[in-house]
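One structure is given below, encoded as structure tokens.
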Amino acid sequence: MTDEQKFHELRTQVEQWVEGPGERWAERIEETGQVPEELWAELNGLGFLRMAAPEEYGGRGLGFARWMELMEVFSRSHGSIRMIVHVVNGIWRSMDGHADDEQRRRFVIPSVTGEIKIAFTLTEPGNGTGADITTSVVRKGDTYYLSGRKHLITFGVRCDYYLLAARVEGSAGHEGTVALLVPRDAPGVTVDDTSSTMGVTGTDHASLVFDETPVPVDHRLGTEGQGLEVFLGGFLTPSRISVAMSCVGLAQRAQQLAVDYARNRVTFGKALTQRQAIQFMLAENAADIEAARQLVLHAARRFEAGADDASMQSSMAKMHAVTMLTNVTDKALQVHGGLGYWKSQKIERVYRDARAQRFEEGTNEVQKAVVFRELLQRATSWDGEGTNR
């Protein structure tokens with residue numbers, strides 16, 4: 001069997017799960033407001049949480065662009081299912097580049113195999129998500145003592161460890177930042193469950209307070225001063241591409257629901273698909289979705305190739321895909337008319353879940369700033385070479 005045939009089989013398996021068991025899980029999550037551990041176990045047992053990880057770590061070893069093709073399929077499912085698959089398939093990568101062999105054995109590989117859950121812990125209530133973090137550590141011998149606050153931490157309630165960004169007390173900017181693996185049950189950790197959200201029902205989120213929480217120095221990834229590299233370098237670029245592809249998948253689901261509804265809804269003796277206004281809406285959606293898909297796949301291939309424009313491409317893809325998703329889901333809901341506003345309709349959940357993509361891994365305003373910064377740097381380079389005039 002060729003690699004292409006193997007991938008086709010895998011994609012078919014994912015599609016069948018999303019359309020069958022995945023849809024039943026979605027209904028259960030919406031009814032209960034909870035994502036049970038049994039779902040995590042099922043996803044792990046099927047190998048869906050280690051698609052892109054290296055085979056020597058227990059993963060499937062898919063190339064990143066191939067993995068994004070499957071991410072699109074997973075994203076047609078419930079927002080919480082998409083969140084689990086997205087985060088777990090990516091967090092190993094942020095750790096791996098700075099882990100030593102012992103840390104790889106204790107943290108990276110177990111996160112791939114599903115033995116432990118690790119929550120990405122960067123955002124703070126009073127700061128942005130970069131060099132202005134204020135959560136700090138003081139080192140005493142072989143132990144850091146961690147103090148500060150974090151919020152909007154996905155899986156912050158049920159995780160085993162926090163992959164947390166802090167800074168050595170008294171440092172500024174990138175200097176002195178550290179990436180620590182903090183045990184969930186360490187002394188001085190207070191967890192407030194803040195899971196009541198508009199959409200992506202069932203994903204647990206937390207606000208965290210650390211009060212002189214002891215963290216062994218050997219739980220630090222990389223050196224002091226490399227903390228933000230772990231978060232922004234190893235995770236952010238591929239994660240933005242993954243969120244962008246999530247927008248494509250969710251938009252495709254909204255489009256599917258709109259087409260199905262329009263085919264069956266009759267007004268004044270005609271199906272909605274015979275109305276030109278509806279035809280135009282659905283045609284525009286199809287073109288917009290495909291354009292976004294191709295831009296995301298281009299960004300994925302650039303990242304996989306280690307290209308120097310991968311960060312800019314990831315922001316372009318995320319920025320464009322979010323705008324596309326906003327427009328597509330709005331039109332899809334409009335096709336459903338007033339009925340689409342009711343929770344009995346699947347488009348209602350899709351519409352709510354879609355709104356979260358507009359701030360996950362940075363708002364469009366942030367993406368535009370990233371793209372412009374890169375454009376300006378490249379323009380300066382062109383000026384120096386005399387090639388842009």
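Please note that chains go A, B, ... in the order of the structure tokens, that every chain numbers its residues from 1, and that ligands are numbered from 1 in the order shown.
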Which residues of stretch 236-267 of chain A come within 10 Å of stretch 340-359 of chain A, and for each one, what is the closest pair of atoms and their distance in Å to one decimal, counting only C-alpha atoms, sorted by chain and residue number, as CSV?
```
residue,atom,partner,partner_atom,distance
A:Val243,CA,A:Gln357,CA,7.1
A:Ala244,CA,A:Gln357,CA,8.2
A:Ser246,CA,A:Gln357,CA,8.1
A:Cys247,CA,A:Gln357,CA,6.9
A:Leu250,CA,A:Ala354,CA,7.0
A:Ala251,CA,A:Ala354,CA,8.2
A:Arg253,CA,A:Val350,CA,7.8
A:Ala254,CA,A:Ile347,CA,6.3
A:Gln255,CA,A:Ile347,CA,9.4
A:Gln256,CA,A:Ile347,CA,9.7
A:Leu257,CA,A:Ile347,CA,6.7
A:Ala258,CA,A:Ile347,CA,8.0
A:Tyr261,CA,A:Gly340,CA,9.9
```
Query raised in the report: Which residues, written as a ChimeraX atom specification, have at least one atom at most 9 Å from stretch 185-200 of chain A, with only C-alpha atoms counted and residues fewer than 3 positions away on the same chain left out?
Result: /A:33,78-83,146-147,151-152,154,156-157,160-161,182,203-215,349-356
Report task. As number ranges by chain, please: all residues of stretch 49-272 of chain A that backbone DSSP puts in helix (DSSP H, G or I). Result -> A: 55-57, 64-74, 79-96, 101-113, 217-219, 227-264, 272
Requested in this report: Calculate how many Å separate atom CA of A:Phe235 from atom CA of A:Gly202, rounding to one decimal.
Outcome: 23.6 Å
Would you mind listing, for every residue of stretch 158-246 of chain A within 9 Å of stretch 293-306 of chain A, the two atoms forming the shortest contact and the distance between them in Å to one decimal, using only C-alpha atoms, sorted by chain and ascending residue number, as a tab-separated table?
```
residue	atom	partner	partner_atom	distance
A:Thr237	CA	A:Phe303	CA	7.8
A:Pro238	CA	A:Phe303	CA	7.1
A:Ile241	CA	A:Val296	CA	6.3
A:Ser242	CA	A:Val296	CA	8.4
A:Ala244	CA	A:Val296	CA	6.5
A:Met245	CA	A:Val296	CA	6.2
```
Please produce an output containing C-alpha atoms for each residue in the selection, written as an mmCIF file, in the first residue's frame.
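File result_17.cif, as written:
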```cif
data_model
loop_
_atom_site.group_PDB
_atom_site.id
_atom_site.type_symbol
_atom_site.label_atom_id
_atom_site.label_comp_id
_atom_site.auth_asym_id
_atom_site.auth_seq_id
_atom_site.Cartn_x
_atom_site.Cartn_y
_atom_site.Cartn_z
ATOM 1 C CA THR A 237 3.194 29.603 14.160
ATOM 2 C CA PRO A 238 1.904 26.036 13.628
ATOM 3 C CA ILE A 241 -2.118 27.594 10.931
ATOM 4 C CA SER A 242 -4.112 24.914 12.754
ATOM 5 C CA ALA A 244 -6.922 28.820 10.432
ATOM 6 C CA MET A 245 -7.648 25.321 9.143
#
```
